[in-house]
$ cat target-v6.cif   # mmCIF, C-alpha atoms
data_upload
loop_
_atom_site.label_atom_id
_atom_site.label_comp_id
_atom_site.auth_asym_id
_atom_site.auth_seq_id
_atom_site.Cartn_x
_atom_site.Cartn_y
_atom_site.Cartn_z
CA MET A 1 23.13 17.33 3.94
CA GLN A 2 23.74 20.92 2.91
CA THR A 3 20.57 22.96 2.48
CA ARG A 4 20.26 24.40 -1.00
CA GLY A 5 17.00 26.28 -0.54
CA HIS A 6 14.26 26.77 2.00
CA PRO A 7 13.84 23.49 3.96
CA ASN A 8 10.51 21.77 3.20
CA ARG A 9 10.83 18.29 4.71
CA LEU A 10 7.53 17.30 6.32
CA GLY A 11 8.99 15.48 9.34
CA ILE A 12 6.50 13.74 11.62
CA ARG A 13 3.65 15.52 9.80
CA GLY A 14 4.53 13.31 6.85
CA TRP A 15 3.37 10.23 8.78
CA VAL A 16 -0.20 11.48 8.89
CA GLY A 17 -0.11 14.07 6.16
CA GLY A 18 -1.63 11.80 3.55
CA GLY A 19 -4.90 10.09 4.11
CA ARG A 20 -6.49 10.79 0.75
CA TRP A 21 -5.27 7.53 -0.74
CA GLY A 22 -5.22 4.23 1.11
CA PHE A 23 -5.31 3.32 4.78
CA GLU A 24 -1.90 1.64 4.54
CA ARG A 25 -0.28 4.94 5.49
CA TYR A 26 -2.23 4.90 8.76
CA MET A 27 -1.23 1.28 9.31
CA TYR A 28 2.38 2.38 8.74
CA THR A 29 2.00 5.13 11.34
CA LEU A 30 0.15 2.89 13.78
CA HIS A 31 2.82 0.21 13.42
CA ARG A 32 5.52 2.71 14.38
CA LEU A 33 3.55 4.17 17.28
CA SER A 34 2.60 0.72 18.62
CA GLY A 35 6.25 -0.31 18.38
CA LEU A 36 7.30 2.73 20.38
CA ALA A 37 4.54 2.00 22.94
CA LEU A 38 5.80 -1.56 23.36
CA LEU A 39 9.36 -0.28 23.82
CA VAL A 40 8.21 2.14 26.54
CA TYR A 41 6.24 -0.67 28.19
CA PHE A 42 9.25 -3.03 28.22
CA THR A 43 11.41 -0.32 29.79
CA MET A 44 8.78 0.32 32.48
CA HIS A 45 8.30 -3.42 32.96
CA ILE A 46 12.02 -3.93 33.64
CA PHE A 47 11.99 -1.01 36.07
CA VAL A 48 8.90 -2.30 37.92
CA THR A 49 10.08 -5.90 38.23
CA SER A 50 13.56 -4.77 39.27
CA THR A 51 12.08 -3.38 42.50
CA ARG A 52 11.68 -7.01 43.60
CA ALA A 53 15.47 -7.12 44.00
CA VAL A 54 15.30 -4.23 46.49
CA GLY A 55 13.04 -6.11 48.88
CA PRO A 56 9.45 -7.25 49.57
CA ASP A 57 8.34 -3.86 50.85
CA ALA A 58 9.54 -1.99 47.79
CA TRP A 59 7.87 -4.63 45.61
CA LYS A 60 4.54 -4.34 47.45
CA GLN A 61 4.66 -0.57 47.31
CA THR A 62 5.37 -0.56 43.57
CA MET A 63 2.63 -3.11 42.91
CA SER A 64 0.12 -1.02 44.83
CA VAL A 65 0.95 1.91 42.55
CA VAL A 66 0.70 -0.03 39.28
CA SER A 67 -2.42 -2.04 40.11
CA GLY A 68 -4.81 0.93 39.89
CA PRO A 69 -7.42 1.32 37.11
CA LEU A 70 -5.26 3.77 35.18
CA PHE A 71 -2.42 1.25 34.87
CA THR A 72 -4.87 -1.57 34.07
CA MET A 73 -6.16 0.55 31.20
CA GLY A 74 -2.58 1.29 30.16
CA GLU A 75 -1.75 -2.41 30.20
CA TYR A 76 -4.77 -3.13 28.06
CA LEU A 77 -3.70 -0.49 25.54
CA VAL A 78 -0.26 -2.12 25.44
CA PHE A 79 -1.95 -5.46 24.77
CA ALA A 80 -3.99 -3.92 21.95
CA ALA A 81 -0.81 -2.36 20.54
CA PHE A 82 0.87 -5.76 20.74
CA ALA A 83 -2.06 -7.42 18.92
CA PHE A 84 -1.86 -4.95 16.04
CA HIS A 85 1.95 -4.84 15.91
CA ALA A 86 2.29 -8.63 15.87
CA VAL A 87 -0.34 -9.35 13.21
CA ASN A 88 0.69 -6.39 11.03
CA GLY A 89 4.32 -7.44 11.44
CA ILE A 90 3.48 -10.77 9.84
CA ARG A 91 1.81 -8.92 6.95
CA LEU A 92 4.86 -6.68 6.49
CA GLY A 93 7.23 -9.66 6.70
CA ALA A 94 5.27 -11.47 3.99
CA ILE A 95 5.13 -8.36 1.78
CA GLU A 96 8.87 -7.74 2.22
CA LEU A 97 9.48 -11.22 0.89
CA GLY A 98 7.50 -10.32 -2.20
CA PHE A 99 4.24 -12.07 -1.31
CA ALA A 100 0.88 -10.40 -2.06
CA VAL A 101 2.40 -7.56 -4.09
CA GLY A 102 2.06 -9.32 -7.43
CA ARG A 103 4.34 -9.52 -10.43
CA PRO A 104 5.50 -6.57 -12.52
CA ILE A 105 2.79 -5.68 -15.05
CA GLU A 106 2.42 -3.38 -18.00
CA PRO A 107 1.16 -0.07 -16.55
CA VAL A 108 -2.13 0.56 -18.36
CA TYR A 109 -4.44 3.32 -17.10
CA PRO A 110 -6.24 3.06 -14.67
CA TYR A 111 -3.14 1.77 -12.96
CA GLN A 112 -3.26 -1.27 -10.71
CA THR A 113 -0.76 -1.08 -7.84
CA SER A 114 0.71 -3.50 -5.36
CA VAL A 115 -1.14 -1.58 -2.64
CA GLY A 116 -4.46 -2.66 -4.13
CA GLY A 117 -3.11 -6.19 -4.53
CA GLN A 118 -2.45 -6.62 -0.82
CA ARG A 119 -5.57 -4.74 0.31
CA ARG A 120 -7.45 -7.92 1.29
CA LEU A 121 -4.48 -8.99 3.40
CA ALA A 122 -4.44 -5.57 5.09
CA ARG A 123 -8.16 -5.81 5.84
CA ALA A 124 -7.68 -9.31 7.26
CA VAL A 125 -4.89 -7.99 9.51
CA LEU A 126 -7.13 -5.25 10.87
CA MET A 127 -9.95 -7.71 11.52
CA ILE A 128 -7.71 -10.25 13.29
CA ALA A 129 -6.07 -7.51 15.39
CA PHE A 130 -9.51 -6.18 16.32
CA VAL A 131 -10.76 -9.65 17.36
CA VAL A 132 -7.62 -10.31 19.44
CA ALA A 133 -7.88 -6.88 21.08
CA LEU A 134 -11.58 -7.48 21.79
CA TRP A 135 -10.84 -10.86 23.33
CA GLY A 136 -8.12 -9.22 25.43
CA GLY A 137 -10.56 -6.52 26.52
CA LEU A 138 -13.04 -9.14 27.76
CA ASP A 139 -10.23 -10.88 29.61
CA PHE A 140 -8.99 -7.62 31.16
CA PHE A 141 -12.28 -6.05 32.17
CA VAL A 142 -15.09 -8.66 32.15
CA TRP A 143 -13.76 -12.13 32.88
CA LYS A 144 -10.84 -10.77 35.01
CA MET B 1 -16.86 38.04 -20.74
CA ALA B 2 -17.33 34.69 -19.02
CA GLY B 3 -18.86 31.97 -21.21
CA SER B 4 -21.41 29.47 -19.97
CA ASN B 5 -18.72 26.80 -19.74
CA THR B 6 -16.31 28.84 -17.66
CA LYS B 7 -16.03 28.67 -13.90
CA GLN B 8 -14.39 30.96 -11.40
CA VAL B 9 -11.66 29.12 -9.50
CA THR B 10 -9.25 30.39 -6.88
CA PHE B 11 -5.63 29.30 -7.20
CA HIS B 12 -4.24 29.19 -3.67
CA LEU B 13 -0.50 29.32 -4.31
CA ARG B 14 2.47 28.77 -2.02
CA ARG B 15 4.96 31.54 -2.75
CA PHE B 16 8.57 31.93 -1.66
CA GLU B 17 11.08 34.45 -2.91
CA PRO B 18 14.63 33.61 -1.73
CA GLY B 19 16.43 36.59 -0.24
CA LYS B 20 13.13 38.40 0.30
CA ASP B 21 10.80 36.04 2.21
CA ALA B 22 11.82 34.46 5.50
CA GLU B 23 9.06 31.83 5.19
CA PRO B 24 6.80 30.67 2.37
CA HIS B 25 3.32 32.21 2.36
CA TRP B 26 0.01 31.63 0.56
CA GLU B 27 -1.44 33.87 -2.10
CA ASP B 28 -4.86 33.72 -3.78
CA HIS B 29 -5.50 34.39 -7.47
CA SER B 30 -8.92 34.05 -9.04
CA ILE B 31 -9.17 33.00 -12.69
CA GLU B 32 -11.76 31.73 -15.14
CA VAL B 33 -11.35 28.06 -15.88
CA THR B 34 -12.61 26.47 -19.09
CA PRO B 35 -13.36 22.76 -19.59
CA GLY B 36 -10.21 20.74 -20.22
CA MET B 37 -7.94 23.29 -18.57
CA THR B 38 -5.10 21.72 -16.63
CA VAL B 39 -3.55 23.06 -13.44
CA LEU B 40 -0.49 23.95 -15.52
CA ASP B 41 -2.68 25.99 -17.90
CA GLY B 42 -4.16 27.69 -14.84
CA LEU B 43 -0.70 28.61 -13.57
CA TRP B 44 0.16 30.16 -16.92
CA LYS B 45 -3.05 32.18 -16.76
CA VAL B 46 -2.29 33.36 -13.22
CA LYS B 47 1.19 34.35 -14.32
CA GLU B 48 -0.22 36.23 -17.30
CA LEU B 49 -2.92 38.08 -15.39
CA SER B 50 -1.83 38.71 -11.83
CA ALA B 51 1.46 37.12 -10.71
CA PRO B 52 4.17 37.74 -13.33
CA SER B 53 6.97 36.65 -11.00
CA LEU B 54 5.41 33.25 -10.22
CA ALA B 55 7.98 30.49 -10.81
CA TRP B 56 7.55 26.79 -11.50
CA ARG B 57 9.20 24.14 -13.63
CA SER B 58 7.48 22.57 -16.64
CA SER B 59 8.32 21.50 -20.14
CA CYS B 60 6.49 18.89 -22.24
CA ARG B 61 2.86 19.46 -21.10
CA MET B 62 2.02 15.81 -21.70
CA GLY B 63 3.18 13.86 -18.63
CA ILE B 64 6.46 12.71 -20.16
CA CYS B 65 9.24 14.98 -18.89
CA GLY B 66 8.42 14.83 -15.18
CA SER B 67 9.17 18.52 -14.59
CA CYS B 68 5.87 19.79 -13.21
CA GLY B 69 5.44 17.62 -10.10
CA MET B 70 3.61 19.72 -7.48
CA LEU B 71 1.49 19.27 -4.39
CA ILE B 72 -1.99 19.91 -5.76
CA ASN B 73 -4.85 19.90 -3.27
CA GLY B 74 -2.71 17.92 -0.84
CA ARG B 75 -1.55 15.26 -3.27
CA PRO B 76 1.65 15.09 -5.34
CA ARG B 77 0.68 15.16 -9.03
CA LEU B 78 1.85 16.40 -12.40
CA ALA B 79 0.31 19.82 -13.06
CA CYS B 80 0.09 19.09 -16.80
CA ASN B 81 -1.71 15.81 -16.19
CA THR B 82 -4.30 17.16 -13.78
CA GLN B 83 -7.41 18.88 -15.03
CA VAL B 84 -8.88 21.52 -12.74
CA SER B 85 -12.34 19.97 -13.18
CA GLU B 86 -11.21 16.56 -11.87
CA LEU B 87 -10.27 18.16 -8.53
CA GLY B 88 -13.95 18.96 -7.96
CA SER B 89 -13.17 22.07 -5.96
CA ALA B 90 -13.44 25.83 -6.44
CA ILE B 91 -10.07 26.16 -4.72
CA VAL B 92 -6.91 24.73 -6.23
CA ALA B 93 -4.12 24.72 -3.66
CA VAL B 94 -0.70 24.39 -5.28
CA ALA B 95 2.52 24.05 -3.29
CA PRO B 96 6.02 22.81 -4.15
CA LEU B 97 6.65 19.09 -3.66
CA PRO B 98 7.36 18.49 0.03
CA ASN B 99 10.53 16.75 1.25
CA PHE B 100 12.60 18.84 -1.19
CA ASP B 101 14.10 22.24 -0.45
CA ILE B 102 12.27 25.10 -2.13
CA ILE B 103 14.34 27.04 -4.67
CA LYS B 104 11.56 29.51 -5.46
CA ASP B 105 7.74 29.43 -5.34
CA LEU B 106 6.74 26.03 -6.79
CA VAL B 107 10.26 24.97 -7.81
CA PRO B 108 11.68 22.14 -5.66
CA ASP B 109 15.37 21.28 -5.60
CA LEU B 110 15.39 17.77 -7.11
CA ARG B 111 19.19 17.44 -7.13
CA PRO B 112 19.31 15.13 -4.08
CA ILE B 113 17.26 12.42 -5.84
CA PHE B 114 19.27 12.72 -9.03
CA GLU B 115 22.48 12.31 -7.00
CA THR B 116 21.07 9.27 -5.16
CA HIS B 117 19.78 7.89 -8.45
CA ARG B 118 23.30 8.15 -9.89
CA GLU B 119 24.70 6.27 -6.87
CA MET B 120 22.41 3.33 -7.73
CA LEU B 121 24.34 2.76 -10.99
CA PRO B 122 21.20 3.03 -13.15
CA TYR B 123 22.60 1.51 -16.32
CA LEU B 124 23.65 -1.90 -17.61
CA LEU B 125 26.80 -3.09 -15.85
CA ARG B 126 28.66 -5.66 -17.93
CA ASP B 127 32.18 -6.75 -18.69
CA ASP B 128 31.92 -6.50 -22.47
CA THR B 129 32.76 -2.81 -22.60
CA ALA B 130 33.81 -2.97 -26.24
CA GLU B 131 30.42 -4.38 -27.27
CA GLN B 132 28.61 -1.67 -25.31
CA GLU B 133 30.74 1.11 -26.80
CA ASP B 134 30.42 -0.21 -30.33
CA PRO B 135 27.43 -2.59 -30.46
CA THR B 136 27.27 -5.25 -33.13
CA ARG B 137 23.73 -6.46 -32.32
CA GLU B 138 21.16 -6.29 -29.55
CA TYR B 139 21.35 -8.42 -26.40
CA ARG B 140 19.00 -11.38 -26.44
CA GLN B 141 15.94 -11.01 -24.20
CA THR B 142 12.57 -12.76 -24.22
CA PRO B 143 9.26 -10.90 -23.79
CA HIS B 144 8.85 -12.60 -20.40
CA GLU B 145 12.26 -11.31 -19.27
CA LEU B 146 11.31 -7.83 -20.49
CA GLU B 147 8.15 -7.89 -18.35
CA GLN B 148 10.24 -8.28 -15.20
CA TYR B 149 11.45 -4.66 -15.40
CA LEU B 150 9.36 -2.89 -18.07
CA GLN B 151 6.90 -1.43 -15.55
CA PHE B 152 9.72 0.14 -13.54
CA SER B 153 11.37 1.61 -16.63
CA TYR B 154 8.44 4.01 -17.15
CA CYS B 155 9.71 6.21 -14.28
CA ILE B 156 10.03 9.87 -15.32
CA LYS B 157 11.85 11.02 -12.14
CA CYS B 158 9.20 13.61 -11.27
CA GLY B 159 9.72 13.21 -7.51
CA CYS B 160 6.00 12.69 -6.65
CA CYS B 161 6.79 9.37 -4.91
CA MET B 162 9.48 11.03 -2.78
CA ALA B 163 7.05 13.77 -1.75
CA ALA B 164 4.41 11.22 -0.68
CA CYS B 165 6.71 8.81 1.22
CA PRO B 166 6.37 9.12 5.01
CA THR B 167 9.82 7.60 5.56
CA VAL B 168 11.47 10.19 3.32
CA ALA B 169 9.55 12.80 5.36
CA THR B 170 11.48 11.93 8.51
CA ASP B 171 14.69 10.30 7.27
CA ALA B 172 17.01 12.38 5.11
CA GLN B 173 19.40 9.42 4.74
CA TYR B 174 16.80 7.07 3.18
CA ALA B 175 17.39 6.71 -0.56
CA GLY B 176 13.65 6.77 -1.27
CA PRO B 177 11.29 5.06 -3.71
CA MET B 178 12.54 6.56 -6.99
CA PRO B 179 16.25 5.63 -6.74
CA LEU B 180 15.49 2.24 -5.16
CA GLY B 181 12.87 1.42 -7.78
CA GLN B 182 15.38 2.24 -10.50
CA ALA B 183 18.05 0.10 -8.85
CA HIS B 184 15.61 -2.82 -9.00
CA ARG B 185 14.76 -1.98 -12.61
CA TYR B 186 18.38 -2.78 -13.54
CA ASP B 187 18.80 -5.61 -11.02
CA SER B 188 15.91 -7.44 -12.69
CA ASP B 189 17.17 -6.88 -16.23
CA THR B 190 18.66 -10.10 -17.64
CA ARG B 191 21.16 -8.07 -19.68
CA ASP B 192 22.70 -6.67 -16.51
CA ALA B 193 25.43 -8.14 -14.29
CA GLY B 194 25.61 -5.40 -11.66
CA PHE B 195 23.61 -7.00 -8.82
CA ASP B 196 26.64 -7.42 -6.53
CA ARG B 197 27.84 -3.85 -7.02
CA ARG B 198 24.37 -2.42 -6.39
CA ARG B 199 23.95 -4.64 -3.33
CA GLU B 200 26.96 -2.91 -1.78
CA VAL B 201 25.35 0.47 -2.46
CA LEU B 202 22.02 -0.71 -1.01
CA ALA B 203 23.49 -2.09 2.22
CA GLY B 204 22.91 -0.02 5.33
CA GLY B 205 20.29 2.37 6.60
CA SER B 206 19.63 4.15 3.33
CA GLY B 207 18.58 1.01 1.47
CA PRO B 208 15.28 -0.79 0.89
CA TRP B 209 14.95 -2.05 4.48
CA ARG B 210 13.85 1.42 5.57
CA CYS B 211 10.68 0.96 3.49
CA HIS B 212 7.73 -0.28 5.57
CA PHE B 213 5.16 -0.31 2.82
CA ALA B 214 3.03 2.74 3.44
CA GLY B 215 2.38 2.35 -0.28
CA GLU B 216 1.97 6.07 -0.96
CA CYS B 217 4.65 6.15 -3.64
CA SER B 218 2.68 3.70 -5.76
CA GLN B 219 -0.63 5.47 -5.12
CA VAL B 220 0.63 8.83 -6.39
CA CYS B 221 2.91 7.68 -9.23
CA PRO B 222 1.54 9.39 -12.38
CA LYS B 223 3.00 6.68 -14.63
CA GLY B 224 1.86 3.52 -12.79
CA VAL B 225 5.45 2.54 -12.02
CA ASP B 226 4.63 1.10 -8.57
CA PRO B 227 7.93 1.76 -6.77
CA ALA B 228 6.63 0.02 -3.62
CA LYS B 229 6.38 -3.23 -5.57
CA ALA B 230 9.89 -2.77 -6.96
CA ILE B 231 11.29 -2.25 -3.46
CA GLN B 232 9.55 -5.36 -2.05
CA LEU B 233 10.75 -7.47 -4.99
CA MET B 234 14.23 -6.07 -4.42
CA LYS B 235 14.08 -7.21 -0.78
CA ARG B 236 13.04 -10.66 -1.96
CA GLN B 237 16.05 -10.73 -4.31
CA LEU B 238 18.40 -9.64 -1.50
CA VAL B 239 17.06 -12.28 0.93
CA SER B 240 17.20 -14.98 -1.75
CA ASP B 241 20.78 -13.99 -2.48
CA LEU B 242 21.70 -14.10 1.20
CA LEU B 243 20.23 -17.60 1.51
CA ARG B 244 21.94 -18.59 -1.75
CA LEU B 245 18.56 -19.34 -3.30
CA ARG B 246 18.90 -16.75 -6.03
CA ARG B 247 19.72 -18.26 -9.40
CA ARG B 248 22.84 -16.64 -10.76
CA THR B 249 22.98 -16.63 -14.51
CA PRO B 250 25.41 -14.82 -16.79
CA PRO B 251 24.03 -11.67 -18.44
CA ALA B 252 22.21 -12.11 -21.73
CA ALA B 253 24.54 -12.59 -24.66
CA VAL B 254 24.54 -10.73 -27.92
CA ALA B 255 21.93 -12.20 -30.27
CA GLU B 256 23.26 -14.40 -33.02
CA ALA B 257 23.32 -13.17 -36.57
CA PRO B 258 20.13 -14.11 -38.43
CA HIS B 259 20.65 -17.13 -40.65
CA GLY B 260 18.81 -18.27 -43.75
CA THR B 261 18.70 -16.74 -47.17
CA MET B 262 17.74 -13.20 -48.02
CA ARG B 263 14.42 -12.94 -49.88
CA ASP B 264 14.96 -11.73 -53.41
CA ASP B 265 11.52 -10.12 -53.81
CA ILE B 266 12.15 -7.23 -51.43
CA PRO B 267 11.95 -3.98 -53.42
CA ALA B 268 14.93 -1.64 -53.28
CA ALA B 269 14.72 1.45 -51.09
CA PRO B 270 13.66 4.61 -52.97
CA PRO B 271 16.43 7.11 -53.72
CA ARG B 272 17.24 9.68 -51.06
CA THR B 273 15.23 12.89 -51.33
CA VAL B 274 17.62 14.85 -49.14
CA THR B 275 21.35 14.79 -49.76
CA GLU B 276 23.91 15.63 -47.15
CA ALA B 277 25.64 18.96 -47.66
#

$ encode --input "target-v6.cif" --output "C-alpha cells"
Amino acid sequence: MQTRGHPNRLGIRGWVGGGRWGFERYMYTLHRLSGLALLVYFTMHIFVTSTRAVGPDAWKQTMSVVSGPLFTMGEYLVFAAFAFHAVNGIRLGAIELGFAVGRPIEPVYPYQTSVGGQRRLARAVLMIAFVVALWGGLDFFVWK
Amino acid sequence: MAGSNTKQVTFHLRRFEPGKDAEPHWEDHSIEVTPGMTVLDGLWKVKELSAPSLAWRSSCRMGICGSCGMLINGRPRLACNTQVSELGSAIVAVAPLPNFDIIKDLVPDLRPIFETHREMLPYLLRDDTAEQEDPTREYRQTPHELEQYLQFSYCIKCGCCMAACPTVATDAQYAGPMPLGQAHRYDSDTRDAGFDRRREVLAGGSGPWRCHFAGECSQVCPKGVDPAKAIQLMKRQLVSDLLRLRRRTPPAAVAEAPHGTMRDDIPAAPPRTVTEA
C-alpha cells in the first residue's frame, strides 16, 4: 500500500504494546509464539529422526547430542507450549463459532464486552494449561 | 494566578512536521488543568499558550463525530471524552493513533479504513431499487431483529479499535475490526440481502479469519460497539452458511399500510408560523 504520510504501524511491538486492558492480548501473543515454537520443534524433530535413515552410527551420534539436559529442558518447554496451544486453541475455536461471546446488547455505559463475557473461560484455559504443564514437568524431571 | 482547584500537568506530545522532521519527536508543554478539563481542552490550551502550530483533528467535542481518536497515555481514546483527572497522572502523553500513517503531529491518515469500509458494502443491498430510491413506507422489523445489529450500528469510525488491534499492527492486508464489524452490522440486518456479496469480499486473508480474539478492539471502543463480538458472530454466520445450517430468509418487506379508521377527535395542526419564500 502506498504510504501517504510518516509510517506508524507498530509491527511486532503491537503484540505486546497493550497490557493495560485484559490479559487476552498476552494469550494472543503467547498462542502465536507457542505455535511458532511447535513449528520449529516439528522441523527439528523431522531432521533428528531422519538421521536414522543414514545409519545406526549417525542415529546414535545424534541421540547423544539431543539427550543432554539442555535439550531435555527444551523438550519440556515444547510440551508446555503444546499444553497451552492445545487448550487455548479449543477456547479460540469455541469463540470463533460464537460461543461465550454473548448476544448483541444495547451499549449502556459502563460497557460490557464480549471479552469480559469469556473471561471465565480464559481463566479456565490458563488453569488447565498450567496443570497439564505441571504434570508434564513432574513426568520429565521427577518421575522420569 | 492558579486557583486551588487547578493542577499543573505536563502534556507530553508527539510532534511531526512533514517536510521538516525526518522522524516524530516528543515535546513537553506544562499547563494548568482545571476540574472537568478534557484532553482536547488541554490541547487547545497548549496550542493557545505555547505550540501554535500543533495540529490535530476534532469537531463535535461530545464523542459523536469520531474525529479526535488519539493514543493517550498508551491507550487509544477520544480526546474529547477523556478527562485529564481520570488519567490520574501529572503527565499526559498524547500521540497519533498507531497503525495509521501520520499526516502531521496528532493527525492520522484514516483513509485506508474508510476505503476498506467502503469495500464491505456498508448499506442495505436489496433488489427493490425503486422502493429504496423513492420509499413508500418503512421496512418491517421487530425489536428483537433490531437488537441483532443495533450495538454494532453505534460505530463512529474513530479508528481506536484499529490502533489497538495487534493483528492490524503486523498485517497491512487485514481489513481490521471497524470494517469487519460494520460488514456484520449489515449482514445481521433482516432488511438486507447482501450476505452473499459481502461473503465474496470477506473471503481470503483480509477477512475475519485473521482475527484471533485479542479483544483489544472491544476494550478500547469508546462507544461500546464490541467489534470483537461482531467478528466472532460473523464467523459463526460464515460457518453456518458453509454447512448449509444458516436459515435463508428473504429481506424484510415493506410494512403494510395501517388499516382501521382514522380517529375524528385529533385536533388539526396549528397554522404555519414560517412561510416559504

$ resolve_selection --input "target-v6.cif" --expression "the PyMOL selection byres ((chain A) within 6 of (chain B))" --output "list in words"
Gly5, His6, Pro7, Asn8, Arg9, Leu10, Gly11, Gly14, Trp15, Glu24, Arg25, Tyr28, Glu96, Leu97, Gly98, Pro104, Ile105, Glu106, Pro107, Tyr111, Thr113, Ser114 and Val115 of chain A

$ atom_distance --input "target-v6.cif" --atom1 "CA of Leu36 in chain A" --atom2 "CA of Leu202 in chain B"
26.2 Å

$ atom_distance --input "target-v6.cif" --atom1 "CA of Gly63 in chain B" --atom2 "CA of Thr82 in chain B"
9.5 Å

$ resolve_selection --input "target-v6.cif" --expression "the PyMOL selection byres ((chain B and resi 176) around 9)" --output "ChimeraX atom specification"
/B:113,116,161-162,165,167-168,173-175,177-181,206-208,210-211

$ resolve_selection --input "target-v6.cif" --expression "the PyMOL selection byres ((chain B and resi 158) around 6)" --output "PyMOL selection string"
chain B and resi 66-67+69+156-157+159-160
